[in-house]
$ cat model-v2.csv   # CSV, C-alpha atoms
chain,number,residue,atom,x,y,z
A,4,MET,CA,-10.0,-25.0,-33.4
A,5,ALA,CA,-8.0,-23.7,-30.4
A,6,VAL,CA,-7.3,-20.0,-30.2
A,7,ASP,CA,-3.8,-19.0,-31.3
A,8,LEU,CA,-2.3,-17.8,-28.1
A,9,GLN,CA,0.5,-15.8,-29.8
A,10,ALA,CA,-2.1,-13.9,-31.8
A,11,ARG,CA,-4.1,-13.2,-28.6
A,12,LEU,CA,-1.0,-11.7,-27.0
A,13,THR,CA,-0.1,-9.6,-29.9
A,14,THR,CA,-3.7,-8.2,-30.3
A,15,ARG,CA,-4.1,-7.4,-26.6
A,16,LEU,CA,-0.7,-5.6,-26.4
A,17,ALA,CA,-1.6,-3.6,-29.5
A,18,GLU,CA,-4.9,-2.6,-27.9
A,19,ARG,CA,-3.2,-1.5,-24.7
A,20,ARG,CA,-0.8,0.7,-26.6
A,21,ALA,CA,-3.5,2.2,-28.7
A,22,ASN,CA,-5.5,3.2,-25.6
A,23,SER,CA,-2.5,4.9,-23.8
A,24,LEU,CA,-2.6,2.1,-21.2
A,25,TYR,CA,0.7,0.3,-22.1
A,26,ARG,CA,2.9,0.0,-19.0
A,27,GLN,CA,6.7,0.2,-19.0
A,28,ARG,CA,9.2,-0.3,-16.2
A,29,PRO,CA,11.4,2.7,-15.4
A,30,LEU,CA,15.0,1.6,-14.8
A,31,LEU,CA,16.2,2.9,-11.4
A,32,ASP,CA,20.0,3.4,-11.3
A,33,SER,CA,20.2,4.8,-7.8
A,34,PRO,CA,19.0,4.2,-4.3
A,35,GLN,CA,15.5,5.2,-3.5
A,36,GLY,CA,15.1,8.8,-2.3
A,37,PRO,CA,13.8,12.2,-3.5
A,38,GLU,CA,16.7,12.5,-6.0
A,39,VAL,CA,17.0,9.5,-8.3
A,40,VAL,CA,18.5,8.4,-11.6
A,41,VAL,CA,15.9,6.8,-13.9
A,42,ASP,CA,16.7,5.6,-17.4
A,43,GLY,CA,20.0,7.4,-17.1
A,44,THR,CA,18.4,10.8,-16.2
A,45,PRO,CA,18.6,12.6,-12.8
A,46,LEU,CA,15.1,13.3,-11.6
A,47,LEU,CA,13.3,14.6,-8.5
A,48,ALA,CA,10.9,11.8,-7.6
A,49,PHE,CA,7.4,12.1,-6.2
A,50,CYS,CA,6.2,8.6,-6.9
A,51,ASN,CA,7.7,6.1,-4.4
A,52,ASN,CA,6.2,4.8,-1.2
A,53,ASP,CA,9.2,5.5,1.0
A,54,TYR,CA,7.1,7.7,3.2
A,55,LEU,CA,9.5,8.2,6.0
A,56,GLY,CA,12.7,8.3,4.0
A,57,LEU,CA,14.1,5.1,5.5
A,58,ALA,CA,14.8,3.0,2.4
A,59,ASN,CA,18.4,4.3,2.1
A,60,HIS,CA,18.9,5.2,5.8
A,61,PRO,CA,22.5,4.4,6.9
A,62,GLU,CA,21.5,2.8,10.2
A,63,VAL,CA,19.1,0.5,8.4
A,64,ILE,CA,21.7,-0.4,5.8
A,65,GLN,CA,24.3,-1.2,8.5
A,66,ALA,CA,21.7,-3.3,10.4
A,67,TRP,CA,21.3,-5.4,7.2
A,68,ARG,CA,25.0,-5.7,6.8
A,69,ASN,CA,25.4,-6.9,10.4
A,70,GLY,CA,22.5,-9.3,10.0
A,71,ALA,CA,24.1,-10.8,6.9
A,72,GLU,CA,27.4,-11.3,8.6
A,73,ARG,CA,25.6,-13.0,11.5
A,74,TRP,CA,22.8,-14.9,9.8
A,75,GLY,CA,23.8,-15.2,6.1
A,76,VAL,CA,21.8,-14.1,3.1
A,77,GLY,CA,19.0,-16.6,2.7
A,78,GLY,CA,16.1,-17.9,4.8
A,79,GLY,CA,17.0,-21.4,3.7
A,80,ALA,CA,13.6,-23.0,4.2
A,81,SER,CA,10.0,-22.3,5.1
A,82,HIS,CA,9.2,-21.1,8.6
A,83,LEU,CA,7.7,-24.5,9.6
A,84,VAL,CA,10.8,-26.5,8.5
A,85,ILE,CA,13.9,-24.7,9.6
A,86,GLY,CA,13.6,-21.2,8.2
A,87,HIS,CA,12.2,-19.4,11.3
A,88,SER,CA,15.3,-17.6,12.6
A,89,THR,CA,15.7,-15.5,15.8
A,90,PRO,CA,15.5,-12.2,13.9
A,91,HIS,CA,12.2,-13.2,12.3
A,92,HIS,CA,10.9,-14.0,15.8
A,93,ALA,CA,12.2,-10.8,17.3
A,94,LEU,CA,10.6,-8.8,14.5
A,95,GLU,CA,7.2,-10.5,15.0
A,96,GLU,CA,7.3,-9.6,18.7
A,97,ALA,CA,8.2,-6.0,17.9
A,98,LEU,CA,5.4,-5.7,15.3
A,99,ALA,CA,2.9,-7.1,17.8
A,100,ASP,CA,4.0,-4.5,20.3
A,101,LEU,CA,3.8,-1.7,17.7
A,102,THR,CA,0.2,-2.6,16.8
A,103,GLY,CA,-1.0,-3.5,20.3
A,104,ARG,CA,-1.8,-7.1,19.4
A,105,PRO,CA,-0.8,-10.2,21.2
A,106,ARG,CA,1.0,-11.7,18.2
A,107,ALA,CA,2.2,-11.0,14.6
A,108,LEU,CA,3.1,-13.2,11.7
A,109,LEU,CA,5.7,-12.3,9.2
A,110,PHE,CA,5.2,-12.7,5.4
A,111,SER,CA,7.5,-12.0,2.4
A,112,THR,CA,5.0,-9.6,0.6
A,113,GLY,CA,1.8,-7.7,1.3
A,114,TYR,CA,0.1,-9.6,-1.5
A,115,MET,CA,1.0,-12.9,0.2
A,116,ALA,CA,-0.3,-11.7,3.6
A,117,ASN,CA,-3.6,-10.6,2.2
A,118,LEU,CA,-4.0,-13.8,0.2
A,119,ALA,CA,-3.1,-15.9,3.2
A,120,ALA,CA,-5.4,-14.2,5.7
A,121,VAL,CA,-8.5,-14.1,3.5
A,122,THR,CA,-8.3,-17.6,2.0
A,123,ALA,CA,-7.5,-19.2,5.4
A,124,LEU,CA,-10.3,-17.5,7.2
A,125,VAL,CA,-13.2,-17.9,4.8
A,126,GLY,CA,-14.2,-20.4,2.1
A,127,GLN,CA,-17.3,-22.1,0.6
A,128,GLY,CA,-20.4,-21.3,2.7
A,129,ASP,CA,-18.9,-18.1,4.1
A,130,SER,CA,-19.1,-14.5,2.9
A,131,VAL,CA,-16.5,-11.8,2.2
A,132,LEU,CA,-17.5,-8.2,1.8
A,133,GLU,CA,-15.0,-5.7,0.4
A,134,ASP,CA,-14.7,-2.0,-0.3
A,135,ARG,CA,-15.0,-1.3,-4.1
A,136,LEU,CA,-11.7,0.5,-4.0
A,137,ASN,CA,-9.7,-2.1,-2.1
A,138,HIS,CA,-6.2,-3.1,-3.3
A,139,ALA,CA,-6.1,-5.7,-6.0
A,140,SER,CA,-4.5,-8.2,-3.7
A,141,LEU,CA,-7.5,-8.0,-1.4
A,142,LEU,CA,-10.0,-8.4,-4.2
A,143,ASP,CA,-8.1,-11.3,-5.7
A,144,ALA,CA,-8.0,-13.0,-2.3
A,145,GLY,CA,-11.7,-12.6,-1.9
A,146,LEU,CA,-12.4,-14.1,-5.3
A,147,LEU,CA,-10.0,-16.9,-4.7
A,148,SER,CA,-11.3,-17.8,-1.3
A,149,GLY,CA,-14.4,-19.5,-2.7
A,150,ALA,CA,-16.6,-17.5,-0.3
A,151,ARG,CA,-19.6,-15.6,-1.4
A,152,PHE,CA,-18.0,-12.4,-2.6
A,153,SER,CA,-19.5,-8.9,-2.8
A,154,ARG,CA,-18.4,-5.3,-2.7
A,155,TYR,CA,-19.9,-2.4,-0.8
A,156,LEU,CA,-19.8,1.3,-1.9
A,157,HIS,CA,-16.5,3.0,-1.2
A,158,ASN,CA,-16.0,3.9,2.5
A,159,ASP,CA,-19.8,3.7,3.0
A,160,PRO,CA,-20.9,2.1,6.3
A,161,ALA,CA,-24.5,2.2,5.3
A,162,SER,CA,-23.8,0.2,2.1
A,163,LEU,CA,-21.8,-2.3,4.2
A,164,ALA,CA,-24.8,-2.6,6.6
A,165,THR,CA,-27.0,-3.4,3.6
A,166,ARG,CA,-24.6,-6.1,2.3
A,167,LEU,CA,-24.2,-7.6,5.8
A,168,GLY,CA,-28.0,-7.8,6.1
A,169,LYS,CA,-28.0,-10.0,2.9
A,170,ALA,CA,-25.2,-12.3,4.0
A,171,PRO,CA,-26.3,-15.8,4.8
A,172,SER,CA,-26.4,-16.5,8.6
A,173,THR,CA,-25.1,-20.1,8.2
A,174,GLY,CA,-21.5,-19.1,7.5
A,175,ALA,CA,-18.8,-16.8,8.8
A,176,THR,CA,-18.5,-13.3,7.4
A,177,LEU,CA,-15.3,-11.3,6.8
A,178,VAL,CA,-15.4,-7.5,6.1
A,179,VAL,CA,-12.2,-6.3,4.3
A,180,THR,CA,-11.0,-2.8,3.8
A,181,ASP,CA,-7.8,-0.8,3.1
A,182,GLY,CA,-6.8,1.5,5.9
A,183,VAL,CA,-5.5,4.2,3.6
A,184,PHE,CA,-6.7,3.7,0.0
A,185,SER,CA,-3.7,3.4,-2.3
A,186,MET,CA,-5.0,5.3,-5.3
A,187,ASP,CA,-7.2,8.0,-3.6
A,188,GLY,CA,-5.3,8.5,-0.4
A,189,ASP,CA,-8.4,8.7,1.8
A,190,VAL,CA,-8.7,7.0,5.2
A,191,ALA,CA,-11.3,4.3,5.9
A,192,ASP,CA,-14.0,5.1,8.4
A,193,LEU,CA,-12.9,2.3,10.6
A,194,PRO,CA,-14.9,3.1,13.7
A,195,ALA,CA,-18.2,3.0,11.7
A,196,LEU,CA,-17.2,0.0,9.7
A,197,ALA,CA,-16.2,-1.8,12.9
A,198,ARG,CA,-19.6,-1.1,14.5
A,199,GLU,CA,-21.5,-2.4,11.5
A,200,ALA,CA,-19.3,-5.6,11.4
A,201,LYS,CA,-19.6,-6.2,15.1
A,202,ALA,CA,-23.4,-5.8,15.0
A,203,ARG,CA,-23.6,-8.6,12.5
A,204,ASN,CA,-21.0,-10.9,14.3
A,205,ALA,CA,-18.6,-10.3,11.4
A,206,TRP,CA,-14.9,-9.9,11.6
A,207,LEU,CA,-13.2,-6.7,10.2
A,208,MET,CA,-9.9,-7.1,8.4
A,209,VAL,CA,-7.8,-4.0,7.7
A,210,ASP,CA,-4.9,-3.8,5.2
A,211,ASP,CA,-3.0,-0.8,6.6
A,212,ALA,CA,-0.2,-0.9,4.0
A,213,HIS,CA,-0.1,2.9,3.5
A,214,GLY,CA,-1.0,3.9,7.1
A,215,VAL,CA,1.3,1.9,9.4
A,216,GLY,CA,4.4,3.9,10.2
A,217,VAL,CA,2.8,7.1,8.9
A,218,MET,CA,-0.3,7.5,11.1
A,219,GLY,CA,-0.6,7.3,14.9
A,220,ALA,CA,1.5,8.9,17.5
A,221,GLN,CA,3.9,5.9,17.5
A,222,GLY,CA,3.4,4.9,13.9
A,223,GLY,CA,0.9,2.2,14.7
A,224,GLY,CA,-1.2,3.2,11.7
A,225,VAL,CA,-4.9,3.9,11.1
A,226,VAL,CA,-6.0,1.6,14.0
A,227,GLU,CA,-3.8,3.6,16.4
A,228,HIS,CA,-5.1,6.8,14.9
A,229,PHE,CA,-8.7,5.8,15.7
A,230,ASN,CA,-7.6,4.1,19.0
A,231,LEU,CA,-9.1,0.7,18.0
A,232,GLY,CA,-8.2,-2.6,19.5
A,233,GLY,CA,-8.4,-6.3,18.6
A,234,ASP,CA,-12.1,-6.4,19.4
A,235,GLU,CA,-12.9,-3.8,16.7
A,236,VAL,CA,-10.2,-4.9,14.2
A,237,PRO,CA,-9.5,-8.6,14.7
A,238,VAL,CA,-7.3,-8.9,11.6
A,239,LEU,CA,-4.7,-6.2,10.9
A,240,VAL,CA,-2.3,-6.4,8.0
A,241,GLY,CA,0.7,-4.1,7.5
A,242,THR,CA,3.5,-3.9,4.9
A,243,LEU,CA,7.2,-3.2,5.5
A,244,GLY,CA,8.2,-2.0,2.1
A,245,LYS,CA,6.6,1.5,2.4
A,246,ALA,CA,7.0,3.6,5.5
A,247,PHE,CA,9.5,1.1,7.0
A,248,GLY,CA,11.7,1.2,3.9
A,249,THR,CA,12.5,-2.5,3.8
A,250,ALA,CA,10.4,-5.4,2.5
A,251,GLY,CA,7.8,-7.9,3.6
A,252,ALA,CA,4.5,-7.7,5.5
A,253,PHE,CA,2.8,-9.0,8.6
A,254,VAL,CA,-0.6,-10.0,10.0
A,255,ALA,CA,-1.3,-9.0,13.6
A,256,GLY,CA,-4.0,-10.3,15.9
A,257,SER,CA,-4.9,-12.7,18.7
A,258,GLU,CA,-3.0,-15.8,19.7
A,259,ALA,CA,-5.7,-17.9,18.2
A,260,LEU,CA,-5.7,-16.0,14.8
A,261,ILE,CA,-1.9,-16.3,14.4
A,262,ASP,CA,-1.8,-19.9,15.4
A,263,TYR,CA,-4.6,-20.6,13.0
A,264,LEU,CA,-2.8,-18.9,10.1
A,265,VAL,CA,0.4,-20.9,10.9
A,266,GLN,CA,-1.6,-24.1,10.5
A,267,PHE,CA,-3.9,-23.2,7.6
A,268,ALA,CA,-2.5,-20.3,5.5
A,269,ARG,CA,-1.0,-21.9,2.4
A,270,PRO,CA,1.0,-18.8,1.3
A,271,TYR,CA,2.7,-18.9,4.7
A,272,ILE,CA,3.2,-22.6,5.0
A,273,TYR,CA,4.6,-23.2,1.5
A,274,THR,CA,7.0,-20.3,1.1
A,275,THR,CA,10.7,-19.9,2.0
A,276,SER,CA,11.2,-17.3,4.8
A,277,GLN,CA,12.6,-13.9,4.0
A,278,PRO,CA,16.3,-13.4,4.6
A,279,PRO,CA,17.0,-13.1,8.4
A,280,ALA,CA,19.2,-10.1,7.6
A,281,LEU,CA,16.2,-8.3,6.2
A,282,ALA,CA,14.4,-8.8,9.5
A,283,CYS,CA,17.4,-7.3,11.2
A,284,ALA,CA,17.1,-4.2,9.0
A,285,THR,CA,13.4,-3.9,9.6
A,286,LEU,CA,14.0,-4.1,13.4
A,287,LYS,CA,16.2,-1.0,13.1
A,288,SER,CA,13.7,0.7,10.8
A,289,LEU,CA,10.9,0.0,13.3
A,290,GLU,CA,13.0,1.6,16.0
A,291,LEU,CA,13.4,4.7,13.9
A,292,VAL,CA,9.7,4.8,13.1
A,293,ARG,CA,8.8,4.8,16.8
A,294,ASN,CA,11.5,7.1,18.1
A,295,GLU,CA,11.8,9.7,15.4
A,296,GLY,CA,8.3,11.3,15.4
A,297,TRP,CA,9.7,14.3,13.6
A,298,ARG,CA,9.5,12.3,10.4
A,299,ARG,CA,5.8,12.1,10.6
A,300,ASP,CA,5.5,15.7,11.7
A,301,HIS,CA,7.6,16.9,8.7
A,302,LEU,CA,5.7,14.7,6.3
A,303,ALA,CA,2.4,16.1,7.6
A,304,ALA,CA,3.7,19.7,7.0
A,305,LEU,CA,4.7,18.8,3.5
A,306,VAL,CA,1.3,17.4,2.8
A,307,GLN,CA,-0.3,20.6,3.9
A,308,GLN,CA,2.1,22.7,1.8
A,309,PHE,CA,1.4,20.7,-1.3
A,310,ARG,CA,-2.4,20.7,-0.8
A,311,LYS,CA,-2.5,24.5,-0.2
A,312,GLY,CA,-0.3,25.1,-3.3
A,313,ALA,CA,-2.2,22.7,-5.5
A,314,GLN,CA,-5.6,24.1,-4.5
A,315,ALA,CA,-4.3,27.6,-5.3
A,316,LEU,CA,-3.6,26.4,-8.8
A,317,GLY,CA,-7.1,25.0,-9.1
A,318,LEU,CA,-6.1,21.4,-9.4
A,319,ASP,CA,-8.6,18.6,-8.7
A,320,LEU,CA,-7.4,17.0,-5.5
A,321,MET,CA,-8.9,14.0,-3.7
A,322,PRO,CA,-10.0,14.4,0.0
A,323,SER,CA,-6.7,13.0,1.3
A,324,HIS,CA,-4.5,14.2,4.1
A,325,THR,CA,-2.1,11.3,3.7
A,326,PRO,CA,1.2,11.2,1.7
A,327,ILE,CA,-0.8,10.0,-1.3
A,328,GLN,CA,-2.0,13.1,-3.2
A,329,PRO,CA,-3.7,12.2,-6.5
A,330,ILE,CA,-4.4,14.8,-9.1
A,331,VAL,CA,-7.3,13.6,-11.2
A,332,LEU,CA,-7.0,14.5,-14.9
A,333,GLY,CA,-9.6,12.3,-16.5
A,334,SER,CA,-8.3,10.7,-19.6
A,335,SER,CA,-5.3,8.4,-19.8
A,336,GLU,CA,-3.9,10.6,-22.7
A,337,ARG,CA,-4.0,13.7,-20.5
A,338,ALA,CA,-2.4,12.0,-17.5
A,339,MET,CA,0.4,10.7,-19.7
A,340,ALA,CA,0.9,14.1,-21.3
A,341,TRP,CA,1.3,15.8,-17.9
A,342,SER,CA,3.7,13.1,-16.7
A,343,ARG,CA,5.8,13.6,-19.8
A,344,ARG,CA,5.8,17.4,-19.3
A,345,LEU,CA,6.9,17.0,-15.7
A,346,ARG,CA,9.7,14.7,-16.6
A,347,GLU,CA,11.0,17.2,-19.2
A,348,GLN,CA,11.3,19.5,-16.2
A,349,GLY,CA,13.2,16.9,-14.2
A,350,LEU,CA,10.2,15.8,-12.1
A,351,LEU,CA,9.1,12.1,-11.9
A,352,VAL,CA,5.4,11.6,-11.2
A,353,THR,CA,3.7,8.5,-12.4
A,354,ALA,CA,0.5,8.5,-14.4
A,355,ILE,CA,-2.1,6.0,-13.0
A,356,ARG,CA,-4.5,4.7,-15.6
A,357,PRO,CA,-7.3,2.1,-15.9
A,358,PRO,CA,-7.6,-0.7,-15.0
A,359,THR,CA,-5.8,0.4,-11.8
A,360,VAL,CA,-8.4,3.3,-11.4
A,361,PRO,CA,-11.9,3.6,-13.0
A,362,VAL,CA,-12.2,4.8,-16.6
A,363,GLY,CA,-12.3,8.5,-16.7
A,364,SER,CA,-10.3,9.0,-13.5
A,365,ALA,CA,-6.7,8.7,-14.7
A,366,ARG,CA,-4.5,10.7,-12.5
A,367,LEU,CA,-1.0,11.8,-11.4
A,368,ARG,CA,-0.3,10.0,-8.1
A,369,VAL,CA,1.9,12.3,-6.2
A,370,THR,CA,3.5,10.7,-3.1
A,371,LEU,CA,5.4,12.7,-0.5
A,372,SER,CA,8.2,11.6,1.8
A,373,ALA,CA,9.8,12.9,4.9
A,374,ALA,CA,13.0,12.9,2.9
A,375,HIS,CA,11.6,15.7,0.7
A,376,THR,CA,12.2,19.3,1.5
A,377,GLU,CA,9.9,22.3,1.3
A,378,ALA,CA,11.9,23.6,-1.6
A,379,GLN,CA,11.4,20.4,-3.5
A,380,VAL,CA,7.7,20.5,-3.0
A,381,SER,CA,7.7,24.1,-4.2
A,382,ARG,CA,9.5,22.9,-7.3
A,383,LEU,CA,6.8,20.3,-8.0
A,384,LEU,CA,4.1,22.9,-7.6
A,385,GLN,CA,5.9,25.1,-10.1
A,386,GLY,CA,6.1,22.2,-12.5
A,387,LEU,CA,2.4,21.6,-12.2
A,388,ALA,CA,1.7,25.2,-12.8
A,389,ASP,CA,3.7,25.0,-16.0
A,390,CYS,CA,1.6,21.9,-17.1
A,391,LEU,CA,-1.5,24.0,-16.5
A,392,ALA,CA,-0.1,26.8,-18.6
A,393,LEU,CA,0.4,24.4,-21.5
A,394,GLU,CA,-3.2,23.1,-21.5
A,395,PRO,CA,-5.2,24.0,-24.6
A,396,THR,CA,-7.9,26.7,-24.0
A,397,ASP,CA,-11.6,26.4,-24.8
A,398,GLU,CA,-11.5,29.4,-27.2
$ encode --input "model-v2.csv" --output "structure tokens"
Amino acid sequence: MAVDLQARLTTRLAERRANSLYRQRPLLDSPQGPEVVVDGTPLLAFCNNDYLGLANHPEVIQAWRNGAERWGVGGGASHLVIGHSTPHHALEEALADLTGRPRALLFSTGYMANLAAVTALVGQGDSVLEDRLNHASLLDAGLLSGARFSRYLHNDPASLATRLGKAPSTGATLVVTDGVFSMDGDVADLPALAREAKARNAWLMVDDAHGVGVMGAQGGGVVEHFNLGGDEVPVLVGTLGKAFGTAGAFVAGSEALIDYLVQFARPYIYTTSQPPALACATLKSLELVRNEGWRRDHLAALVQQFRKGAQALGLDLMPSHTPIQPIVLGSSERAMAWSRRLREQGLLVTAIRPPTVPVGSARLRVTLSAAHTEAQVSRLLQGLADCLALEPTDE
């Protein structure tokens, strides 16, 4: 007899609630920014990825308006039919210039970009090696590719070398890593990973979703930070919904790589293009990212302020100097309790729980933005101190 699907749904949802793992969507009733209205309550937010404070920037909004008046509100078709508009093309050229690559290819989401790149580049008979803490979209892409899939120890070039040594020599090998890891906030050791990959004739693919715009003198991301080129990192992915404050993603690389993806990447071929007006907005955002370096400087100062204050409180921080500052609390119950206490004080910080992070490492994922002030960070630190004061003692 077939399994009752409704019963399965009910049982699994009940289990998730019982284990403090049930997820709910907060309802945002304001633009993104440090001060938001969520579920009808004004809150000071430390949980979005608007790292440079551009999601509600007036010049970006005006660029979108102007783009909509000139180009309408829909892409209308896939890029390969009649959906590739002049703003899309201009944005691809600007992203290629930002990343120092010959070409870039625009996608509607980061998930699509990762899925497209991995599944187009490797398949049966090939190998894909991924960091254990890679983003879910990268892991899913590796599993769906049909290639021989394995994971090396987190940010461990020696572990990668061992895995590369076991990869069959008859197929292609793709090494895949985040640039900045989304839950821990640490930065991949790209120079060492690139050396190991190149020594085995493997390609290195970097998803720099949380680094592009934030790191590098011009906002070019982790690869600019390490001064790496296309030889070391042949496949570079970036997203536009974080530091750029808009939406979408891109893959940057050689002429041959981008032409190949246009021909063979199914998530690109069979998807309607993003609205041209969105590309217009992102072009303005990219201009601000490159020209207003003070945003990165201010953000870096806030990161240091937070880390110094959190360490003085004795909080368990990760080794991160990026805007992602997780506070590991252990159990899901404890992480949820701290998140509730902060919300009672008008502070919004999301509790991250398994399966997003390993069991026993539930955390508050604090994210900082250039739109925050020093006073707001001080308020967060006071809220965390109050949470600590309410912790039960061992007496």
$ closest_residue --input "model-v2.csv" --among "A:Ile64, A:Leu384, A:Ala250, A:Leu16" --to "A:Pro34" --atoms "all atoms listed in the file"
A:Ile64
$ closest_residue --input "model-v2.csv" --among "A:His375, A:Arg366, A:His91, A:His82" --to "A:Leu332" --atoms "all atoms listed in the file"
A:Arg366
$ closest_residue --input "model-v2.csv" --among "A:Ala255, A:Ala107, A:Ala220, A:Ile85" --to "A:Val236" --atoms "only C-alpha atoms"
A:Ala255
$ residues_near_point --input "model-v2.csv" --point "(-0.9, 9.7, 5.0)" --cutoff "8 Å" --atoms "all atoms listed in the file" --output "PDB file with C-alpha atoms, in the frame of the given file"
ATOM      1  CA  VAL A 183      -5.500   4.200   3.600  1.00  0.00           C
ATOM      2  CA  GLY A 188      -5.300   8.500  -0.400  1.00  0.00           C
ATOM      3  CA  HIS A 213      -0.100   2.900   3.500  1.00  0.00           C
ATOM      4  CA  GLY A 214      -1.000   3.900   7.100  1.00  0.00           C
ATOM      5  CA  VAL A 217       2.800   7.100   8.900  1.00  0.00           C
ATOM      6  CA  MET A 218      -0.300   7.500  11.100  1.00  0.00           C
ATOM      7  CA  ALA A 303       2.400  16.100   7.600  1.00  0.00           C
ATOM      8  CA  SER A 323      -6.700  13.000   1.300  1.00  0.00           C
ATOM      9  CA  HIS A 324      -4.500  14.200   4.100  1.00  0.00           C
ATOM     10  CA  THR A 325      -2.100  11.300   3.700  1.00  0.00           C
ATOM     11  CA  PRO A 326       1.200  11.200   1.700  1.00  0.00           C
ATOM     12  CA  ILE A 327      -0.800  10.000  -1.300  1.00  0.00           C
TER      13      ILE A 327
END
$ residues_near_point --input "model-v2.csv" --point "(2.2, 10.9, 1.4)" --cutoff "12 Å" --atoms "only C-alpha atoms" --output "PyMOL selection string"
chain A and resi 49-56+183-189+213-214+216-218+245-246+298-310+323-329+368-375+380
$ atom_distance --input "model-v2.csv" --atom1 "atom CA of A:Leu101" --atom2 "atom CA of A:Gly223"
5.7 Å
$ closest_residue --input "model-v2.csv" --among "A:Ala388, A:Cys283, A:Leu289, A:Ala315" --to "A:Leu345" --atoms "all atoms listed in the file"
A:Ala388
$ residues_around --input "model-v2.csv" --residues "A:Pro171" --least-positions-apart "6" --cutoff "9 Å" --atoms "all atoms listed in the file" --output "PyMOL selection string"
chain A and resi 128-130
$ closest_residue --input "model-v2.csv" --among "A:Val254, A:Leu156, A:Met208, A:Ala200" --to "A:Thr180" --atoms "all atoms listed in the file"
A:Met208
$ closest_residue --input "model-v2.csv" --among "A:Ile272, A:Leu286, A:Leu387, A:Ala338" --to "A:Leu83" --atoms "all atoms listed in the file"
A:Ile272
$ residues_around --input "model-v2.csv" --residues "A:His60" --least-positions-apart "6" --cutoff "10 Å" --atoms "only C-alpha atoms" --output "NGL selection string"
:A and (35-36 or 248 or 287-288 or 291)
$ atom_distance --input "model-v2.csv" --atom1 "atom CA of A:Val131" --atom2 "atom CA of A:Phe152"
5.1 Å
$ atom_distance --input "model-v2.csv" --atom1 "atom CA of A:Asp319" --atom2 "atom CA of A:Trp297"
29.2 Å
$ residues_around --input "model-v2.csv" --residues "A:Gly145" --least-positions-apart "3" --cutoff "12 Å" --atoms "only C-alpha atoms" --output "PyMOL selection string"
chain A and resi 117-127+129-135+137-142+148-154+176-180+208
$ write_last_selection --input "model-v2.csv" --atoms "C-alpha atoms" --output "PDB file, in the frame of the given file"
ATOM      1  CA  ASN A 117      -3.600 -10.600   2.200  1.00  0.00           C
ATOM      2  CA  LEU A 118      -4.000 -13.800   0.200  1.00  0.00           C
ATOM      3  CA  ALA A 119      -3.100 -15.900   3.200  1.00  0.00           C
ATOM      4  CA  ALA A 120      -5.400 -14.200   5.700  1.00  0.00           C
ATOM      5  CA  VAL A 121      -8.500 -14.100   3.500  1.00  0.00           C
ATOM      6  CA  THR A 122      -8.300 -17.600   2.000  1.00  0.00           C
ATOM      7  CA  ALA A 123      -7.500 -19.200   5.400  1.00  0.00           C
ATOM      8  CA  LEU A 124     -10.300 -17.500   7.200  1.00  0.00           C
ATOM      9  CA  VAL A 125     -13.200 -17.900   4.800  1.00  0.00           C
ATOM     10  CA  GLY A 126     -14.200 -20.400   2.100  1.00  0.00           C
ATOM     11  CA  GLN A 127     -17.300 -22.100   0.600  1.00  0.00           C
ATOM     12  CA  ASP A 129     -18.900 -18.100   4.100  1.00  0.00           C
ATOM     13  CA  SER A 130     -19.100 -14.500   2.900  1.00  0.00           C
ATOM     14  CA  VAL A 131     -16.500 -11.800   2.200  1.00  0.00           C
ATOM     15  CA  LEU A 132     -17.500  -8.200   1.800  1.00  0.00           C
ATOM     16  CA  GLU A 133     -15.000  -5.700   0.400  1.00  0.00           C
ATOM     17  CA  ASP A 134     -14.700  -2.000  -0.300  1.00  0.00           C
ATOM     18  CA  ARG A 135     -15.000  -1.300  -4.100  1.00  0.00           C
ATOM     19  CA  ASN A 137      -9.700  -2.100  -2.100  1.00  0.00           C
ATOM     20  CA  HIS A 138      -6.200  -3.100  -3.300  1.00  0.00           C
ATOM     21  CA  ALA A 139      -6.100  -5.700  -6.000  1.00  0.00           C
ATOM     22  CA  SER A 140      -4.500  -8.200  -3.700  1.00  0.00           C
ATOM     23  CA  LEU A 141      -7.500  -8.000  -1.400  1.00  0.00           C
ATOM     24  CA  LEU A 142     -10.000  -8.400  -4.200  1.00  0.00           C
ATOM     25  CA  SER A 148     -11.300 -17.800  -1.300  1.00  0.00           C
ATOM     26  CA  GLY A 149     -14.400 -19.500  -2.700  1.00  0.00           C
ATOM     27  CA  ALA A 150     -16.600 -17.500  -0.300  1.00  0.00           C
ATOM     28  CA  ARG A 151     -19.600 -15.600  -1.400  1.00  0.00           C
ATOM     29  CA  PHE A 152     -18.000 -12.400  -2.600  1.00  0.00           C
ATOM     30  CA  SER A 153     -19.500  -8.900  -2.800  1.00  0.00           C
ATOM     31  CA  ARG A 154     -18.400  -5.300  -2.700  1.00  0.00           C
ATOM     32  CA  THR A 176     -18.500 -13.300   7.400  1.00  0.00           C
ATOM     33  CA  LEU A 177     -15.300 -11.300   6.800  1.00  0.00           C
ATOM     34  CA  VAL A 178     -15.400  -7.500   6.100  1.00  0.00           C
ATOM     35  CA  VAL A 179     -12.200  -6.300   4.300  1.00  0.00           C
ATOM     36  CA  THR A 180     -11.000  -2.800   3.800  1.00  0.00           C
ATOM     37  CA  MET A 208      -9.900  -7.100   8.400  1.00  0.00           C
TER      38      MET A 208
END
$ decode --input "model-v2.csv" --residues "stretch 288-296 of chain A" --atoms "C-alpha atoms" --output "compact mmCIF listing (two decimals), in the first residue's frame"
# COMPACT_ATOMS: atom_id res chain seq x y z
CA SER A 288 24.34 50.29 -7.84
CA LEU A 289 27.56 48.98 -9.38
CA GLU A 290 28.66 52.57 -9.99
CA LEU A 291 28.11 53.36 -6.30
CA VAL A 292 29.94 50.21 -5.22
CA ARG A 293 33.02 51.20 -7.21
CA ASN A 294 33.04 54.93 -6.49
CA GLU A 295 31.96 55.10 -2.85
CA GLY A 296 34.71 53.21 -1.10
